[in-house]
>>> print(open('target_14.txt').read())   # compact mmCIF, C-alpha atoms and all ligand atoms
# COMPACT_ATOMS: atom_id res chain seq x y z
CA MET A 143 29.06 45.80 -37.92
CA ASN A 144 27.64 43.96 -34.95
CA PRO A 145 24.77 41.79 -36.31
CA ASN A 146 23.05 41.86 -32.91
CA ALA A 147 22.66 45.65 -33.21
CA SER A 148 19.54 45.29 -35.38
CA LEU A 149 17.78 42.89 -33.03
CA ASP A 150 14.30 43.89 -31.91
CA PHE A 151 12.85 41.60 -29.27
CA GLY A 152 9.59 43.54 -29.26
CA TYR A 153 9.24 44.04 -25.53
CA PRO A 154 6.95 47.00 -24.81
CA TRP A 155 8.47 50.45 -24.47
CA TRP A 156 7.16 50.85 -20.92
CA LEU A 157 9.30 47.92 -19.79
CA SER A 158 12.59 49.24 -21.19
CA ALA A 159 12.11 53.01 -21.18
CA GLY A 160 8.81 53.78 -19.46
CA HIS A 161 10.49 55.18 -16.36
CA LEU A 162 12.03 57.92 -18.48
CA ALA A 163 8.50 59.25 -19.06
CA ILE A 164 8.33 59.80 -15.30
CA ALA A 165 11.94 60.87 -14.74
CA ILE A 166 11.94 63.77 -17.24
CA PRO A 167 8.78 65.54 -15.97
CA ALA A 168 9.83 64.87 -12.35
CA LEU A 169 13.28 66.41 -12.99
CA ALA A 170 11.70 69.36 -14.78
CA MET A 171 9.22 69.91 -11.95
CA SER A 172 12.05 69.61 -9.41
CA GLY A 173 13.83 72.42 -11.25
CA VAL A 174 10.69 74.57 -11.23
CA ALA A 175 10.16 73.83 -7.53
CA HIS A 176 13.75 74.85 -6.79
CA ILE A 177 13.61 78.08 -8.84
CA ARG A 178 10.24 79.09 -7.38
CA ALA A 179 11.36 78.09 -3.88
CA TRP A 180 8.43 75.74 -3.20
CA SER A 181 8.14 74.45 0.32
CA LYS A 182 10.34 71.57 1.50
CA TRP A 183 8.02 68.54 1.14
CA PRO A 184 6.95 68.95 -2.51
CA ARG A 185 10.62 69.44 -3.40
CA ILE A 186 11.68 66.32 -1.47
CA LEU A 187 8.90 64.20 -3.03
CA LEU A 188 9.68 65.39 -6.56
CA GLY A 189 13.38 64.74 -5.96
CA LEU A 190 12.69 61.20 -4.73
CA LEU A 191 10.38 60.49 -7.68
CA ALA A 192 13.03 61.71 -10.13
CA LEU A 193 15.73 59.64 -8.39
CA TRP A 194 13.59 56.48 -8.39
CA ALA A 195 12.56 56.79 -12.04
CA THR A 196 16.12 57.57 -13.21
CA THR A 197 17.59 54.66 -11.21
CA VAL A 198 15.08 52.19 -12.66
CA PHE A 199 15.58 53.53 -16.19
CA LEU A 200 19.35 53.02 -15.87
CA LEU A 201 18.81 49.53 -14.43
CA MET A 202 16.58 48.57 -17.36
CA GLN A 203 19.05 49.98 -19.90
CA PHE A 204 22.30 48.63 -18.45
CA GLY A 205 21.15 45.80 -16.15
CA LEU A 206 18.17 43.90 -17.54
CA ARG A 207 18.56 45.09 -21.16
CA VAL A 208 15.31 43.39 -22.22
CA ASN A 209 15.71 44.37 -25.84
CA GLN A 210 19.22 42.98 -26.20
CA ALA A 211 20.60 39.45 -26.33
CA PRO A 212 21.83 38.55 -22.82
CA ALA A 213 24.89 36.53 -21.86
CA LEU A 214 24.48 33.02 -20.42
CA PRO A 215 24.17 33.36 -16.64
CA THR A 216 26.54 30.41 -16.17
CA GLN A 217 29.24 28.93 -18.37
CA SER A 218 28.45 25.48 -16.93
CA PHE A 219 25.40 25.20 -19.18
CA LEU A 220 26.10 22.79 -22.06
CA SER A 221 29.79 22.96 -21.27
CA THR A 222 30.52 20.37 -24.01
CA GLY A 223 29.60 23.21 -26.38
CA THR A 224 27.75 20.98 -28.83
CA GLY A 225 24.37 19.33 -29.13
CA ARG A 226 20.70 19.88 -29.89
CA VAL A 227 19.07 22.36 -27.51
CA LEU A 228 15.36 22.99 -26.99
CA ASP A 229 14.12 26.48 -26.05
CA ILE A 230 10.61 26.42 -24.59
CA GLY A 231 8.72 29.71 -24.70
CA ALA A 232 11.28 31.19 -27.11
CA GLY A 233 9.15 34.26 -27.87
CA THR A 234 11.01 36.61 -30.19
CA GLY A 235 14.31 34.78 -29.73
CA ARG A 236 16.17 36.39 -26.86
CA SER A 237 16.97 33.11 -25.05
CA THR A 238 17.57 31.20 -28.30
CA ILE A 239 20.11 33.78 -29.47
CA MET A 240 21.71 33.83 -26.00
CA VAL A 241 22.47 30.10 -26.36
CA LEU A 242 23.48 30.22 -30.02
CA ASN A 243 25.87 33.14 -29.41
CA ALA A 244 27.47 31.43 -26.42
CA ARG A 245 27.60 27.94 -27.97
CA PRO A 246 28.62 28.34 -31.63
CA ASN A 247 28.64 24.58 -32.23
CA ALA A 248 25.14 23.92 -30.87
CA THR A 249 21.77 24.00 -32.63
CA VAL A 250 18.48 25.19 -31.09
CA VAL A 251 14.88 24.21 -31.70
CA ALA A 252 13.05 27.41 -30.74
CA THR A 253 9.50 26.60 -29.67
CA ASP A 254 6.59 28.71 -28.51
CA GLU A 255 2.82 28.43 -28.44
CA PHE A 256 2.68 31.65 -30.50
CA GLY A 257 -0.76 32.27 -29.00
CA GLU A 258 -2.40 34.58 -26.51
CA SER A 259 0.60 34.90 -24.20
CA PHE A 260 2.86 35.77 -27.14
CA ASN A 261 0.41 38.47 -28.29
CA HIS A 262 0.22 39.78 -24.75
CA HIS A 263 3.98 40.36 -24.64
CA PHE A 264 4.82 41.27 -28.19
CA GLY A 265 1.59 42.56 -29.74
CA HIS A 266 -0.80 40.74 -32.05
CA THR A 267 0.47 39.64 -35.44
CA ASP A 268 -0.80 36.98 -37.84
CA THR A 269 2.75 35.75 -38.31
CA PRO A 270 4.43 35.75 -34.86
CA GLN A 271 7.02 33.23 -36.05
CA GLN A 272 8.34 35.91 -38.44
CA LEU A 273 9.33 38.17 -35.53
CA LEU A 274 11.46 35.33 -34.21
CA GLN A 275 12.80 34.47 -37.68
CA LYS A 276 13.83 38.10 -38.28
CA ASN A 277 15.86 38.19 -35.07
CA LEU A 278 17.54 34.87 -35.87
CA GLU A 279 18.52 36.37 -39.24
CA SER A 280 19.80 39.59 -37.62
CA ALA A 281 21.90 37.53 -35.22
CA GLY A 282 23.24 35.44 -38.13
CA VAL A 283 22.21 32.13 -36.59
CA THR A 284 19.45 30.81 -38.89
CA ASN A 285 21.59 27.89 -40.05
CA ARG A 286 21.64 26.56 -36.48
CA ALA A 287 18.05 27.31 -35.45
CA LYS A 288 14.66 25.83 -36.25
CA ILE A 289 11.32 27.39 -35.25
CA GLU A 290 8.48 25.10 -34.18
CA THR A 291 5.09 25.69 -32.58
CA ALA A 292 4.73 23.70 -29.36
CA ASP A 293 2.99 23.89 -26.00
CA MET A 294 5.63 23.33 -23.32
CA ARG A 295 3.05 21.40 -21.27
CA LYS A 296 2.80 18.72 -23.96
CA LEU A 297 5.92 18.72 -26.07
CA PRO A 298 5.69 17.00 -29.46
CA TYR A 299 9.10 15.33 -29.14
CA GLU A 300 10.31 11.85 -28.39
CA ALA A 301 11.81 10.97 -25.03
CA ALA A 302 15.52 11.75 -24.59
CA SER A 303 15.76 13.70 -27.84
CA PHE A 304 17.61 16.83 -26.62
CA ASP A 305 21.10 17.43 -25.19
CA ALA A 306 19.93 20.48 -23.22
CA VAL A 307 16.85 22.62 -22.59
CA VAL A 308 16.66 26.35 -21.91
CA SER A 309 13.71 28.48 -20.89
CA ALA A 310 13.74 32.17 -20.01
CA TYR A 311 10.88 34.10 -18.42
CA ALA A 312 8.34 31.62 -19.80
CA VAL A 313 7.64 28.75 -17.37
CA ASP A 314 6.68 31.39 -14.78
CA HIS A 315 3.73 32.36 -17.00
CA LEU A 316 2.03 29.04 -16.30
CA ASN A 317 -0.25 28.11 -13.41
CA ARG A 318 0.84 25.54 -10.85
CA ASP A 319 -0.46 22.54 -12.86
CA GLY A 320 1.11 23.95 -16.01
CA ILE A 321 4.48 24.30 -14.28
CA THR A 322 4.31 20.69 -13.06
CA ALA A 323 3.43 19.50 -16.58
CA ALA A 324 6.17 21.57 -18.24
CA LEU A 325 8.88 20.38 -15.80
CA SER A 326 7.82 16.78 -16.35
CA GLU A 327 7.91 17.27 -20.13
CA VAL A 328 11.39 18.79 -19.96
CA ARG A 329 12.62 15.77 -18.02
CA ARG A 330 11.06 13.43 -20.56
CA VAL A 331 12.63 15.02 -23.64
CA LEU A 332 16.08 15.54 -22.06
CA LYS A 333 18.78 12.91 -22.40
CA PRO A 334 20.12 11.57 -19.09
CA ASN A 335 22.89 13.64 -17.50
CA SER A 336 21.99 16.77 -19.42
CA ASP A 337 21.27 20.37 -18.50
CA PHE A 338 18.14 22.43 -18.07
CA LEU A 339 18.77 26.16 -17.68
CA LEU A 340 15.66 27.70 -16.15
CA ILE A 341 15.56 31.51 -16.04
CA LEU A 342 12.64 33.23 -14.32
CA VAL A 343 11.32 36.61 -13.33
CA GLY A 344 12.82 36.97 -9.86
CA ASN A 345 10.13 39.19 -8.42
CA ASP A 346 12.84 40.25 -5.99
CA ARG A 347 13.41 43.55 -4.24
CA TRP A 348 14.62 45.12 -7.49
CA ALA A 349 11.55 44.02 -9.46
CA LYS A 350 9.25 45.26 -6.71
CA PHE A 351 11.19 48.53 -6.44
CA ALA A 352 10.96 49.05 -10.20
CA PHE A 353 7.47 47.82 -11.04
CA GLY A 354 5.55 47.11 -7.86
CA PRO A 355 2.56 44.86 -8.65
CA LEU A 356 2.92 45.32 -12.44
CA LEU A 357 5.44 42.49 -12.73
CA THR A 358 3.97 39.62 -10.80
CA HIS A 359 4.30 36.65 -13.18
CA GLY A 360 5.46 34.28 -10.48
CA GLY A 361 3.61 35.85 -7.58
CA THR A 362 6.15 35.94 -4.79
CA ARG A 363 7.96 32.85 -6.03
CA GLY A 364 11.65 33.15 -5.47
CA ARG A 365 14.66 30.88 -5.75
CA ASP A 366 13.54 28.52 -2.96
CA TRP A 367 10.08 27.96 -4.46
CA TRP A 368 11.58 27.04 -7.83
CA ALA A 369 14.27 24.89 -6.22
CA GLY A 370 11.46 23.00 -4.44
CA ARG A 371 9.31 22.51 -7.57
CA THR A 372 12.24 21.36 -9.68
CA LYS A 373 13.34 18.96 -6.93
CA ASP A 374 9.79 17.54 -6.87
CA ALA A 375 10.18 16.98 -10.60
CA CYS A 376 13.37 14.99 -9.80
CA PHE A 377 15.88 17.46 -11.22
CA GLU A 378 19.23 17.89 -9.48
CA LEU A 379 20.17 21.49 -8.74
CA ARG A 380 23.72 22.17 -9.98
CA GLU A 381 23.94 25.96 -9.66
CA ASP A 382 21.67 28.90 -9.11
CA GLY A 383 21.93 32.64 -8.91
CA THR A 384 20.17 35.94 -9.14
CA THR A 385 20.59 39.17 -11.01
CA PRO A 386 18.26 42.15 -10.57
CA GLY A 387 14.74 40.96 -11.46
CA THR A 388 15.92 37.46 -12.38
CA VAL A 389 16.47 34.11 -10.69
CA TRP A 390 18.14 31.26 -12.58
CA LEU A 391 18.67 27.59 -11.85
CA LEU A 392 21.00 25.22 -13.67
CA LEU A 393 19.41 21.80 -13.31
CA ARG A 394 20.60 18.33 -14.26
CA ASN A 395 18.38 15.54 -15.52
CA PRO A 396 19.95 12.65 -13.60
C1 LIG B 401 8.19 36.74 -21.66
S1 LIG B 401 8.21 35.76 -23.08
C2 LIG B 401 9.86 35.12 -23.03
C3 LIG B 401 10.46 34.99 -24.39
C4 LIG B 401 11.94 34.65 -24.45
N1 LIG B 401 12.23 33.36 -23.85
C5 LIG B 401 12.81 35.71 -23.82
O1 LIG B 401 13.70 35.36 -23.03
O2 LIG B 401 12.64 36.89 -24.13
C6 LIG B 401 7.24 34.33 -22.61
C7 LIG B 401 6.94 33.42 -23.79
O3 LIG B 401 6.39 32.19 -23.29
C8 LIG B 401 5.45 31.74 -24.24
N2 LIG B 401 4.54 30.77 -23.60
C9 LIG B 401 3.65 30.99 -22.61
N3 LIG B 401 2.99 29.85 -22.33
C10 LIG B 401 3.49 28.89 -23.17
C11 LIG B 401 3.22 27.50 -23.35
N4 LIG B 401 2.30 26.85 -22.62
N5 LIG B 401 3.93 26.82 -24.28
C12 LIG B 401 4.86 27.46 -25.04
N6 LIG B 401 5.15 28.77 -24.91
C13 LIG B 401 4.48 29.49 -23.98
C14 LIG B 401 4.74 33.01 -24.69
O4 LIG B 401 4.09 32.83 -25.92
C15 LIG B 401 5.90 34.00 -24.75
O5 LIG B 401 6.44 34.08 -26.04
>>> encode(input="target_14.txt", output="structure tokens")
Amino acid sequence: MNPNASLDFGYPWWLSAGHLAIAIPALAMSGVAHIRAWSKWPRILLGLLALWATTVFLLMQFGLRVNQAPALPTQSFLSTGTGRVLDIGAGTGRSTIMVLNARPNATVVATDEFGESFNHHFGHTDTPQQLLQKNLESAGVTNRAKIETADMRKLPYEAASFDAVVSAYAVDHLNRDGITAALSEVRRVLKPNSDFLLILVGNDRWAKFAFGPLLTHGGTRGRDWWAGRTKDACFELREDGTTPGTVWLLLRNP
């Protein structure tokens, strides 16, 4: 049995399947409109609505797959395969498990504030760490992961204490000062010549097409904005790329 099958990252239903709640009634109404020979425009509008909602639903299920462990966007990250990795804004473990699955000889310290922002995404619970712990257990990686509570803007770790850092869809939840502080903290805790994989909500054409203003974490920040901020923080850009709704940068702490 695939251990990752029982993972539950706790993202809200509307993000992964909400468009189905529009697609089904729109398809049904399209059928009614066709049978009853409604006039052209209502039929066209219902058809377009059904097409849009179905396309986005399929994209969320087979493209973004928010409730499944993703693959690393680049194999260049931690290419030595070993070392101690820090995940900042680990949430319910999606990015931590991504790294642990792809790098079976690495360990991860999964950190999060486990505060308001966590509750906002995953619902309020008195024991948010347990949601993360449960997923680490389901993925069979608890022996290589440690959960700690930490604010990424002021990390409780010594300088140069990690071989790599990862962050997915988390730094883009901070304001401008918070981003500057977090990038500076990542540089401080990273060993020289090591990797920082920064994954962000892309807010690209796909995200706008799918969610309009509902998904605006980073405003209109795209790849160039993040490349600029990380350059200001003295990171070297090694690789970057996009997938629907996502922009990622592989950075090097020189
Ligand atoms: C959208 S979730 C991403 C979770 C996970 N990385 C993933 O890929 O699914 C954003 C996470 O960032 C965390 N977060 C926001 N601000 C933070 C901060 N200042 N320090 C640490 N974590 C923070 C939230 O608590 C939340 O769990």
>>> closest_residue(input="target_14.txt", among="A:Leu187, A:Val283, A:Leu393, A:Val313", to="ligand LIG 401 (chain B)", atoms="only C-alpha atoms and all ligand atoms")
A:Val313
>>> atom_distance(input="target_14.txt", atom1="atom CA of Ala168 of chain A", atom2="atom CA of Leu188 of chain A")
5.8 Å
>>> residues_near_ligand(input="target_14.txt", ligand="ligand LIG 401 (chain B)", cutoff="10 Å", atoms="only C-alpha atoms and all ligand atoms", output="MDAnalysis selection string")
chainID A and resid 151:153 208:212 229:240 252:264 270 274 291:297 308:317 320:321 323:324 341:343 359
>>> atom_distance(input="target_14.txt", atom1="atom CA of Leu220 of chain A", atom2="atom CA of Leu340 of chain A")
13.0 Å
>>> atom_distance(input="target_14.txt", atom1="atom CA of Glu327 of chain A", atom2="atom CA of Glu290 of chain A")
16.1 Å
>>> residues_near_point(input="target_14.txt", point="(19.3, 11.3, -18.7)", cutoff="10 Å", atoms="all atoms listed in the file", output="short mmCIF file (atom, residue, chain, number, x, y, z; two decimals) with C-alpha atoms, in the frame of the given file")
data_model
loop_
_atom_site.label_atom_id
_atom_site.label_comp_id
_atom_site.auth_asym_id
_atom_site.auth_seq_id
_atom_site.Cartn_x
_atom_site.Cartn_y
_atom_site.Cartn_z
CA ALA A 301 11.81 10.97 -25.03
CA ALA A 302 15.52 11.75 -24.59
CA PHE A 304 17.61 16.83 -26.62
CA ASP A 305 21.10 17.43 -25.19
CA ARG A 329 12.62 15.77 -18.02
CA ARG A 330 11.06 13.43 -20.56
CA VAL A 331 12.63 15.02 -23.64
CA LEU A 332 16.08 15.54 -22.06
CA LYS A 333 18.78 12.91 -22.40
CA PRO A 334 20.12 11.57 -19.09
CA ASN A 335 22.89 13.64 -17.50
CA SER A 336 21.99 16.77 -19.42
CA ASP A 337 21.27 20.37 -18.50
CA ARG A 394 20.60 18.33 -14.26
CA ASN A 395 18.38 15.54 -15.52
CA PRO A 396 19.95 12.65 -13.60
#
>>> residues_around(input="target_14.txt", residues="Arg245 of chain A", least_positions_apart="3", cutoff="10 Å", atoms="all atoms listed in the file", output="number ranges by chain")
A: 214, 217, 219-225, 239-242, 248-249
>>> closest_residue(input="target_14.txt", among="A:Arg207, A:Met171, A:Gly387, A:Ala375", to="Ala349 of chain A", atoms="only C-alpha atoms")
A:Gly387
>>> axis_aligned_box(input="target_14.txt", around="segment 345-355 of chain A", padding_each_side="4 Å", output="lines of an AutoDock Vina configuration file")
center_x = 8.6
center_y = 44.1
center_z = -7.6
size_x = 20.1
size_y = 17.9
size_z = 14.8
>>> closest_residue(input="target_14.txt", among="A:Arg347, A:Leu379, A:Asp268, A:Ala175", to="Gly364 of chain A", atoms="all atoms listed in the file")
A:Arg347
>>> residues_around(input="target_14.txt", residues="Gly160 of chain A", least_positions_apart="5", cutoff="9 Å", atoms="all atoms listed in the file", output="list of chain:residue names")
A:Pro154, A:Trp155, A:Ala195, A:Phe199
>>> closest_residue(input="target_14.txt", among="A:Leu228, A:Asn247, A:Asp366, A:Leu169", to="Tyr299 of chain A", atoms="all atoms listed in the file")
A:Leu228
>>> residues_around(input="target_14.txt", residues="Val250 of chain A", least_positions_apart="6", cutoff="6 Å", atoms="all atoms listed in the file", output="list of chain:residue names")
A:Arg226, A:Val227, A:Leu228, A:Ala287
